[in-house]
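Colleague: CSV, C-alpha atoms and all ligand atoms, saved as run_15.csv, coming up:
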```
chain,number,residue,atom,x,y,z
A,11,GLU,CA,18.1,11.4,133.9
A,12,GLU,CA,17.6,9.0,131.0
A,13,ILE,CA,13.9,9.2,131.3
A,14,ARG,CA,13.9,12.9,131.5
A,15,GLY,CA,16.0,13.0,128.4
A,16,LYS,CA,13.5,10.9,126.5
A,17,ILE,CA,10.5,12.9,127.7
A,18,ALA,CA,12.2,16.2,126.7
A,19,ALA,CA,13.1,14.6,123.3
A,20,GLY,CA,9.5,13.5,122.9
A,21,GLU,CA,8.5,17.2,123.2
A,22,VAL,CA,10.9,18.3,120.5
A,23,VAL,CA,10.0,15.5,118.2
A,24,GLU,CA,6.3,15.5,118.0
A,25,ARG,CA,5.7,13.1,115.2
A,26,PRO,CA,7.3,11.7,112.0
A,27,ALA,CA,6.6,15.0,110.2
A,28,SER,CA,8.7,17.0,112.7
A,29,VAL,CA,11.6,14.6,112.2
A,30,VAL,CA,11.3,15.2,108.4
A,31,LYS,CA,11.2,18.9,108.9
A,32,GLU,CA,14.4,18.9,111.1
A,33,LEU,CA,16.3,16.6,108.8
A,34,VAL,CA,15.4,18.6,105.6
A,35,GLU,CA,16.3,21.9,107.3
A,36,ASN,CA,19.7,20.4,108.0
A,37,SER,CA,20.0,19.4,104.4
A,38,PHE,CA,19.2,23.1,103.5
A,39,ASP,CA,21.9,24.2,105.8
A,40,ALA,CA,24.3,21.8,104.2
A,41,GLN,CA,23.7,23.6,100.8
A,42,ALA,CA,22.1,20.6,99.2
A,43,SER,CA,20.8,20.8,95.7
A,44,TYR,CA,18.9,17.5,95.8
A,45,ILE,CA,17.0,16.1,98.7
A,46,ARG,CA,15.2,12.7,98.8
A,47,VAL,CA,12.8,11.7,101.6
A,48,VAL,CA,11.7,8.0,101.8
A,49,ILE,CA,9.2,6.8,104.4
A,50,LYS,CA,7.9,3.5,105.5
A,51,GLU,CA,4.5,3.2,107.2
A,52,GLY,CA,4.0,6.9,107.4
A,53,GLY,CA,7.5,7.4,108.8
A,54,LEU,CA,6.6,5.3,111.9
A,55,LYS,CA,8.8,2.5,110.7
A,56,GLU,CA,11.4,4.4,108.8
A,57,ILE,CA,12.3,7.9,107.6
A,58,SER,CA,15.3,8.4,105.4
A,59,VAL,CA,16.5,11.7,104.2
A,60,TYR,CA,19.3,11.9,101.7
A,61,ASP,CA,21.0,15.1,100.5
A,62,ASP,CA,24.0,15.9,98.3
A,63,GLY,CA,25.2,18.6,100.5
A,64,GLU,CA,28.6,19.3,102.0
A,65,GLY,CA,28.5,16.3,104.4
A,66,MET,CA,30.3,15.7,107.7
A,67,ASP,CA,33.8,14.3,108.5
A,68,LEU,CA,34.3,11.5,111.0
A,69,GLU,CA,34.7,13.9,113.9
A,70,ASP,CA,31.5,15.8,113.1
A,71,LEU,CA,29.7,12.6,112.7
A,72,LYS,CA,30.7,11.4,116.1
A,73,LEU,CA,29.5,14.7,117.6
A,74,CYS,CA,26.4,15.6,115.7
A,75,TYR,CA,23.8,13.6,117.7
A,76,HIS,CA,25.0,15.0,121.0
A,77,HIS,CA,23.1,17.8,122.8
A,78,PHE,CA,24.2,21.3,121.8
A,79,ALA,CA,26.3,19.8,119.0
A,80,THR,CA,26.0,22.4,116.3
A,81,SER,CA,28.5,23.5,113.7
A,82,LYS,CA,26.5,26.6,113.0
A,83,ILE,CA,27.8,28.9,115.7
A,84,LYS,CA,31.0,30.4,114.5
A,85,ASN,CA,30.9,33.9,115.9
A,86,LEU,CA,29.1,36.2,118.2
A,87,ALA,CA,26.7,37.3,115.6
A,88,ASP,CA,25.7,33.7,115.2
A,89,VAL,CA,25.2,33.3,118.9
A,90,PHE,CA,22.8,36.3,118.8
A,91,LYS,CA,20.9,34.7,115.9
A,92,ILE,CA,20.6,31.5,117.9
A,93,VAL,CA,19.2,33.4,120.9
A,94,THR,CA,16.4,34.8,118.8
A,95,TYR,CA,16.0,32.0,116.4
A,96,GLY,CA,15.5,29.1,118.8
A,97,PHE,CA,17.3,26.0,119.8
A,98,ARG,CA,20.5,25.0,118.1
A,99,GLY,CA,22.1,21.6,118.1
A,100,GLU,CA,19.1,19.9,119.6
A,101,ALA,CA,17.3,18.2,116.7
A,102,LEU,CA,19.6,15.2,116.0
A,103,ALA,CA,20.2,14.7,119.7
A,104,SER,CA,16.4,14.6,120.4
A,105,ILE,CA,15.7,12.3,117.5
A,106,ALA,CA,18.6,10.0,118.4
A,107,GLN,CA,17.1,9.6,122.0
A,108,VAL,CA,13.8,8.2,120.8
A,109,SER,CA,14.7,6.2,117.7
A,110,ARG,CA,17.2,3.9,116.1
A,111,MET,CA,19.2,6.2,113.9
A,112,SER,CA,21.9,5.8,111.4
A,113,ILE,CA,23.8,8.7,109.8
A,114,ALA,CA,26.1,8.1,106.8
A,115,SER,CA,28.1,11.1,105.5
A,116,ARG,CA,30.9,12.0,103.3
A,117,ARG,CA,32.6,15.4,103.7
A,118,GLU,CA,33.3,17.2,100.5
A,119,GLY,CA,36.9,16.5,99.4
A,120,GLN,CA,37.3,13.4,101.6
A,121,ASP,CA,37.8,9.9,100.1
A,122,ILE,CA,35.9,8.0,102.7
A,123,ALA,CA,32.3,8.1,104.0
A,124,TYR,CA,31.4,6.9,107.5
A,125,GLN,CA,28.3,5.7,109.0
A,126,ILE,CA,27.4,5.8,112.7
A,127,GLU,CA,24.5,3.9,114.3
A,128,VAL,CA,22.8,5.2,117.4
A,129,GLU,CA,20.1,3.6,119.4
A,130,GLY,CA,18.2,5.5,122.1
A,131,GLY,CA,21.0,8.0,122.2
A,132,GLN,CA,23.8,5.3,122.6
A,133,GLU,CA,26.4,4.8,119.9
A,134,LEU,CA,26.4,1.3,118.6
A,135,ASN,CA,29.1,1.3,116.0
A,136,ILE,CA,30.8,3.4,113.4
A,137,LYS,CA,32.3,2.1,110.1
A,138,PRO,CA,33.3,3.2,106.6
A,139,VAL,CA,30.6,2.9,104.0
A,140,ASN,CA,30.0,3.6,100.4
A,141,LEU,CA,28.5,7.0,99.7
A,142,LYS,CA,29.6,9.2,96.9
A,143,LYS,CA,28.4,12.5,98.3
A,144,GLY,CA,26.4,14.1,101.0
A,145,THR,CA,24.5,12.7,103.9
A,146,VAL,CA,21.8,10.1,104.6
A,147,VAL,CA,20.0,10.0,107.9
A,148,VAL,CA,17.8,7.0,108.6
A,149,VAL,CA,15.4,7.1,111.5
A,150,ARG,CA,13.8,3.8,112.4
A,151,ASP,CA,11.2,2.8,115.0
A,152,LEU,CA,10.4,6.3,116.2
A,153,PHE,CA,9.4,6.3,119.9
A,154,PHE,CA,10.2,2.6,120.2
A,155,ASN,CA,11.3,3.4,123.8
A,156,LEU,CA,8.5,5.9,124.5
A,157,PRO,CA,5.4,3.8,124.0
A,158,ALA,CA,3.1,6.4,125.6
A,159,ARG,CA,4.2,8.9,123.0
A,160,LYS,CA,3.8,6.4,120.2
A,161,ALA,CA,0.2,5.8,121.2
A,162,PHE,CA,-0.6,9.4,120.4
A,163,LEU,CA,0.5,9.0,116.8
A,164,LYS,CA,-2.2,8.8,114.1
A,165,SER,CA,-2.5,6.2,111.4
A,166,PRO,CA,0.3,5.8,108.8
A,167,LYS,CA,-2.1,7.4,106.3
A,168,THR,CA,-2.5,10.5,108.4
A,169,GLU,CA,1.2,10.7,109.2
A,170,THR,CA,2.0,10.4,105.5
A,171,LEU,CA,-0.3,13.3,104.7
A,172,LYS,CA,1.4,15.4,107.3
A,173,ILE,CA,4.8,14.5,106.0
A,174,THR,CA,3.7,15.4,102.4
A,175,GLU,CA,2.4,18.7,103.6
A,176,VAL,CA,5.7,19.5,105.4
A,177,VAL,CA,7.8,18.5,102.4
A,178,LYS,CA,5.8,20.7,100.1
A,179,GLY,CA,6.0,23.7,102.4
A,180,LEU,CA,9.7,23.2,102.9
A,181,SER,CA,10.3,23.0,99.2
A,182,LEU,CA,8.5,26.3,98.7
A,183,SER,CA,11.3,28.0,100.8
A,184,HIS,CA,13.9,26.6,98.3
A,185,PRO,CA,12.3,26.1,94.9
A,186,GLU,CA,15.7,25.7,93.3
A,187,ILE,CA,16.3,22.5,95.1
A,188,ARG,CA,15.3,19.2,93.5
A,189,PHE,CA,13.0,17.2,95.8
A,190,GLU,CA,11.6,13.8,96.0
A,191,LEU,CA,9.3,12.2,98.5
A,192,LYS,CA,8.3,8.6,98.3
A,193,THR,CA,6.8,5.8,100.3
A,194,GLN,CA,8.5,2.4,100.3
A,195,ASP,CA,5.9,0.0,101.6
A,196,GLU,CA,4.8,-3.1,99.6
A,197,LYS,CA,4.9,-0.9,96.6
A,198,GLU,CA,7.0,2.2,96.0
A,199,LYS,CA,5.0,5.3,95.5
A,200,ILE,CA,6.1,8.8,94.6
A,201,LEU,CA,4.2,11.4,96.7
A,202,PHE,CA,6.0,14.5,95.5
A,203,SER,CA,8.7,15.1,93.0
A,204,TRP,CA,10.0,18.4,91.9
A,205,GLU,CA,12.9,18.9,89.5
A,206,GLY,CA,13.8,22.4,90.8
A,207,GLY,CA,12.7,25.6,89.1
A,208,THR,CA,10.8,28.8,89.6
A,209,LEU,CA,8.5,29.5,92.5
A,210,PRO,CA,5.4,30.2,90.4
A,211,ARG,CA,5.9,26.8,88.7
A,212,LEU,CA,6.3,25.1,92.1
A,213,LEU,CA,3.2,26.9,93.4
A,214,GLN,CA,1.3,25.6,90.4
A,215,LYS,CA,2.5,22.1,91.0
A,216,ILE,CA,1.5,22.2,94.7
A,217,THR,CA,-1.8,24.1,94.5
A,218,GLY,CA,-2.9,23.0,91.1
A,219,ILE,CA,-3.5,26.7,90.2
A,220,ASP,CA,-2.1,27.8,86.9
A,221,GLN,CA,1.0,29.9,87.5
A,222,LYS,CA,-0.4,32.7,85.3
A,223,TYR,CA,-2.6,33.7,88.2
A,224,PHE,CA,0.3,34.4,90.6
A,225,LYS,CA,1.7,37.9,90.8
A,226,GLU,CA,5.0,38.8,92.4
A,227,VAL,CA,6.0,41.9,94.1
A,228,ARG,CA,9.0,42.9,96.2
A,229,LEU,CA,8.9,45.7,98.8
A,230,GLU,CA,12.1,46.9,100.3
A,231,ASN,CA,11.6,49.0,103.3
A,232,PRO,CA,14.7,48.8,105.4
A,233,PRO,CA,15.3,46.9,107.5
A,234,TYR,CA,12.5,44.7,106.1
A,235,ILE,CA,12.2,43.1,102.7
A,236,ILE,CA,8.9,41.5,101.7
A,237,ASP,CA,8.3,39.3,98.7
A,238,LEU,CA,4.7,38.4,97.9
A,239,ILE,CA,3.7,35.9,95.4
A,240,LEU,CA,-0.1,35.8,95.5
A,241,THR,CA,-3.1,35.2,93.3
A,242,ASP,CA,-5.3,38.3,93.3
A,243,THR,CA,-9.0,38.6,93.1
A,244,SER,CA,-9.0,36.8,89.7
A,245,TYR,CA,-8.4,33.6,91.5
A,246,THR,CA,-9.8,33.2,95.0
A,247,LEU,CA,-10.2,30.2,97.3
A,248,PRO,CA,-12.7,29.4,100.1
A,249,HIS,CA,-9.9,28.7,102.5
A,250,THR,CA,-6.4,29.8,103.6
A,251,LYS,CA,-4.8,26.4,103.2
A,252,TYR,CA,-2.6,27.6,100.4
A,253,ILE,CA,-1.0,30.5,102.1
A,254,TRP,CA,2.6,29.9,103.3
A,255,ILE,CA,4.7,32.2,105.3
A,256,PHE,CA,8.5,32.3,105.6
A,257,VAL,CA,10.5,34.5,107.9
A,258,ASN,CA,14.2,34.7,107.0
A,259,GLN,CA,13.7,31.7,104.7
A,260,ARG,CA,12.3,29.6,107.6
A,261,TRP,CA,8.8,28.3,107.2
A,262,ILE,CA,6.6,29.3,110.1
A,263,LYS,CA,2.9,28.8,111.0
A,264,ASP,CA,1.6,31.9,112.6
A,265,GLU,CA,-2.1,32.7,112.6
A,266,LYS,CA,-1.3,36.3,113.6
A,267,ILE,CA,0.7,37.0,110.5
A,268,VAL,CA,-1.9,35.4,108.3
A,269,LYS,CA,-4.5,37.6,110.0
A,270,ILE,CA,-2.4,40.7,109.4
A,271,LEU,CA,-2.1,39.7,105.7
A,272,LEU,CA,-5.8,39.1,105.4
A,273,THR,CA,-6.6,42.4,107.0
A,274,ALA,CA,-4.3,44.0,104.4
A,275,LEU,CA,-6.1,42.2,101.6
A,276,LYS,CA,-9.6,43.1,102.9
A,277,PRO,CA,-9.9,46.4,100.9
A,278,PHE,CA,-9.4,44.4,97.7
A,279,TYR,CA,-10.9,41.1,98.5
A,280,GLY,CA,-13.9,42.1,100.5
A,281,ASN,CA,-15.8,38.8,100.9
A,282,LEU,CA,-14.6,37.2,97.7
A,283,GLY,CA,-12.5,34.6,99.4
A,284,PHE,CA,-8.7,34.1,100.0
A,285,PRO,CA,-5.6,34.1,97.8
A,286,ALA,CA,-3.1,31.3,97.4
A,287,GLY,CA,0.6,32.1,97.6
A,288,VAL,CA,3.7,32.8,99.6
A,289,VAL,CA,4.9,35.6,101.8
A,290,PHE,CA,8.6,35.9,102.4
A,291,ILE,CA,9.6,38.3,105.1
A,292,LYS,CA,13.2,39.2,105.7
A,293,ALA,CA,13.9,40.9,109.0
A,294,PRO,CA,16.9,41.4,111.2
A,295,TYR,CA,17.0,39.0,114.0
A,296,HIS,CA,16.8,41.7,116.7
A,297,LEU,CA,13.4,42.6,115.5
A,298,ILE,CA,11.8,39.2,115.8
A,299,ASP,CA,11.2,36.7,118.6
A,300,VAL,CA,11.0,33.1,117.9
A,301,ASN,CA,9.4,30.9,120.4
A,302,VAL,CA,12.3,29.0,121.7
A,303,HIS,CA,10.5,25.7,121.8
A,304,PRO,CA,11.8,23.8,118.8
A,305,ALA,CA,8.5,22.2,118.0
A,306,LYS,CA,6.8,25.5,117.8
A,307,TRP,CA,6.6,27.5,114.6
A,308,GLU,CA,5.8,30.9,115.8
A,309,VAL,CA,7.6,34.1,115.3
A,310,ARG,CA,6.8,37.4,117.0
A,311,PHE,CA,7.6,40.7,115.4
A,312,ARG,CA,8.7,43.3,117.9
A,313,ASP,CA,6.9,45.9,115.9
A,314,GLU,CA,3.6,44.4,114.6
A,315,LYS,CA,2.4,47.8,113.4
A,316,ALA,CA,5.4,48.1,111.1
A,317,LEU,CA,4.7,44.6,109.8
A,318,HIS,CA,1.1,45.5,109.1
A,319,GLN,CA,2.1,48.6,107.2
A,320,LEU,CA,4.6,46.7,105.2
A,321,LEU,CA,2.2,44.0,104.2
A,322,SER,CA,-0.5,46.6,103.3
A,323,SER,CA,2.0,48.4,101.1
A,324,ALA,CA,3.1,45.2,99.4
A,325,VAL,CA,-0.6,44.1,98.9
A,326,GLU,CA,-1.4,47.6,97.4
A,327,LYS,CA,1.6,47.3,95.1
A,328,ILE,CA,0.4,43.9,93.8
A,329,PHE,CA,-3.1,45.4,93.1
A,330,SER,CA,-1.8,48.5,91.5
A,331,GLU,CA,0.6,46.7,89.1
A,332,LYS,CA,-2.1,45.4,86.8
A,333,LYS,CA,0.0,43.3,84.4
A,334,PHE,CA,-2.2,40.3,83.8
B,401,LIG,P1,21.6,22.4,114.2
B,401,LIG,O1,21.0,22.2,112.9
B,401,LIG,O2,20.8,23.4,115.1
B,401,LIG,O3,23.1,22.7,114.2
B,401,LIG,P2,21.1,19.6,114.6
B,401,LIG,O4,21.0,18.7,115.7
B,401,LIG,O5,20.0,19.6,113.6
B,401,LIG,O6,21.5,21.0,115.1
B,401,LIG,O7,22.4,19.1,113.8
B,401,LIG,C1,23.6,19.0,114.5
B,401,LIG,C2,24.8,19.2,113.5
B,401,LIG,O8,25.0,18.1,112.7
B,401,LIG,C3,24.7,20.4,112.5
B,401,LIG,O9,25.2,21.6,113.1
B,401,LIG,C4,25.6,19.9,111.4
B,401,LIG,O10,27.0,20.2,111.7
B,401,LIG,C5,25.5,18.4,111.4
B,401,LIG,N1,24.5,18.0,110.4
B,401,LIG,C6,23.3,17.5,110.6
B,401,LIG,N2,22.7,17.2,109.5
B,401,LIG,C7,23.6,17.4,108.5
B,401,LIG,C8,23.5,17.2,107.0
B,401,LIG,N3,22.4,16.8,106.4
B,401,LIG,N4,24.7,17.6,106.4
B,401,LIG,C9,25.8,18.0,107.0
B,401,LIG,N5,25.8,18.2,108.3
B,401,LIG,C10,24.7,17.9,109.1
B,402,MG,MG,19.1,21.4,112.6
```
Could you write out this structure as structure tokens?
Ligand code: ADP
Ligand code: MG
Modeller:
Amino acid sequence: EEIRGKIAAGEVVERPASVVKELVENSFDAQASYIRVVIKEGGLKEISVYDDGEGMDLEDLKLCYHHFATSKIKNLADVFKIVTYGFRGEALASIAQVSRMSIASRREGQDIAYQIEVEGGQELNIKPVNLKKGTVVVVRDLFFNLPARKAFLKSPKTETLKITEVVKGLSLSHPEIRFELKTQDEKEKILFSWEGGTLPRLLQKITGIDQKYFKEVRLENPPYIIDLILTDTSYTLPHTKYIWIFVNQRWIKDEKIVKILLTALKPFYGNLGFPAGVVFIKAPYHLIDVNVHPAKWEVRFRDEKALHQLLSSAVEKIFSEKKF
């Protein structure tokens, strides 16, 4: 039973970057306006994520690392969302199983913050601590009890790169949130720091492409809404590395959607190259399928033709509104 739990957890938690993604998404859900990620040895030794969000009370804190512990199902509509959106209440439980974790949190409006320590899924202790606001989750020694899994991880340098990529992508889904990512090895080093602001400025920061090259367009075609922020043919790239896709504010990686986008761009781009930018798709949950494996990033649209048409129209709109 215990071994099975650990193996299952090892599938949910692929590597340090997947821990960072889950923890930061929790900070988003807690309405944070500031998130700080600090890593040691590429996150293999330690990952800590602080947010100034709404926090947890003592009762929540005791529950949060158990399986199926989620505070995010409040009504039937939520249950439906969960069915189509993927696992709920599994992230902290999985991470707790394969690490030494501590969570300190202070619920808004309460005078005391508490910290709980969990090792390999077992609670060690719980005590009051000093914390003004929000939550800090510290994950140490990832896979300490799953050596086979640990052996698959890359060097701290590679894991650091992956974490950096994940933090940047996540921040694009919430450009208003202040973000910081740093390493704390022999020397402290800031890998990413964003004071919060507009999406074009954040895109400029992440891609190095001047924000003047990005064009925005919104297309509302009920029940879908698409927001495109892309460079047009005045700035092309030889790769698709700088295209990010978000469905219902959740960052996904789906080759199929990228392909649909590129097909829509083809009449304008020909063989010029690729744009940089962000695609936000809003769709009702009953029109999408999310692969329920938490480590997966895929989303299927029930009606891919409709999605193609939408993206084509949005792309056309960008190219017809010549306001450079
Ligand atoms: P889920 O996000 O699907 O609910 P998780 O395992 O990621 O599941 O988190 C479990 C629960 O722990 C959340 O539902 C939430 O109540 C609480 N929680 C986790 N992280 C935070 C945070 N940073 N701030 C406030 N509450 C949190
Ligand atoms: Mg979560």
Colleague: Would you name the residues within 8 Å of ligand MG 402 (chain B), counting all atoms listed in the file, and put them as a count of residues only?
Modeller: 11
Colleague: Could you give me, as a tab-separated table (two decimals) with C-alpha atoms, in the frame of the given file, every polymer residue with an atom at most 9 Å away from an atom of ligand LIG 401 (chain B), counting all atoms listed in the file?
Modeller:
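What landed in result-v8.tsv:
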```tsv
chain	number	residue	atom	x	y	z
A	32	GLU	CA	14.40	18.90	111.10
A	33	LEU	CA	16.30	16.60	108.80
A	34	VAL	CA	15.40	18.60	105.60
A	35	GLU	CA	16.30	21.90	107.30
A	36	ASN	CA	19.70	20.40	108.00
A	37	SER	CA	20.00	19.40	104.40
A	38	PHE	CA	19.20	23.10	103.50
A	39	ASP	CA	21.90	24.20	105.80
A	40	ALA	CA	24.30	21.80	104.20
A	41	GLN	CA	23.70	23.60	100.80
A	42	ALA	CA	22.10	20.60	99.20
A	59	VAL	CA	16.50	11.70	104.20
A	60	TYR	CA	19.30	11.90	101.70
A	61	ASP	CA	21.00	15.10	100.50
A	62	ASP	CA	24.00	15.90	98.30
A	63	GLY	CA	25.20	18.60	100.50
A	64	GLU	CA	28.60	19.30	102.00
A	65	GLY	CA	28.50	16.30	104.40
A	66	MET	CA	30.30	15.70	107.70
A	67	ASP	CA	33.80	14.30	108.50
A	70	ASP	CA	31.50	15.80	113.10
A	71	LEU	CA	29.70	12.60	112.70
A	73	LEU	CA	29.50	14.70	117.60
A	74	CYS	CA	26.40	15.60	115.70
A	75	TYR	CA	23.80	13.60	117.70
A	76	HIS	CA	25.00	15.00	121.00
A	77	HIS	CA	23.10	17.80	122.80
A	78	PHE	CA	24.20	21.30	121.80
A	79	ALA	CA	26.30	19.80	119.00
A	80	THR	CA	26.00	22.40	116.30
A	81	SER	CA	28.50	23.50	113.70
A	82	LYS	CA	26.50	26.60	113.00
A	83	ILE	CA	27.80	28.90	115.70
A	92	ILE	CA	20.60	31.50	117.90
A	96	GLY	CA	15.50	29.10	118.80
A	97	PHE	CA	17.30	26.00	119.80
A	98	ARG	CA	20.50	25.00	118.10
A	99	GLY	CA	22.10	21.60	118.10
A	100	GLU	CA	19.10	19.90	119.60
A	101	ALA	CA	17.30	18.20	116.70
A	102	LEU	CA	19.60	15.20	116.00
A	103	ALA	CA	20.20	14.70	119.70
A	104	SER	CA	16.40	14.60	120.40
A	105	ILE	CA	15.70	12.30	117.50
A	113	ILE	CA	23.80	8.70	109.80
A	115	SER	CA	28.10	11.10	105.50
A	116	ARG	CA	30.90	12.00	103.30
A	117	ARG	CA	32.60	15.40	103.70
A	144	GLY	CA	26.40	14.10	101.00
A	145	THR	CA	24.50	12.70	103.90
A	146	VAL	CA	21.80	10.10	104.60
A	147	VAL	CA	20.00	10.00	107.90
```
Colleague: Please return, as a list in words, all polymer residues that have at least one atom within 12 Å of the point (6.8, 45.8, 116.8); use all atoms listed in the file and the file's own coordinate frame.
Modeller: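 Nearby residues: Ala293, His296, Leu297, Ile298, Asp299, Val309, Arg310, Phe311, Arg312, Asp313, Glu314, Lys315, Ala316, Leu317, His318, Gln319 and Leu320 of chain A.
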Colleague: Neighbouring residues of Tyr223 (chain A) were defined as those with any atom within 10 Å, considering only C-alpha atoms; residues of the same chain fewer than 2 positions away were excluded. Please report them as a list in words.
Modeller: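 Listing them by chain and then by number gives Pro210, Gln214, Ile219, Asp220, Gln221, Lys225, Ile239, Leu240, Thr241, Asp242, Thr243, Ser244, Tyr245, Thr246, Ala286 and Phe334 of chain A.
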Colleague: Using only C-alpha atoms, which residues sit within 6 Å of region 206-208 of chain A once same-chain residues fewer than 5 positions away are excluded, as a VMD selection string?
Modeller: chain A and resid 185 to 188
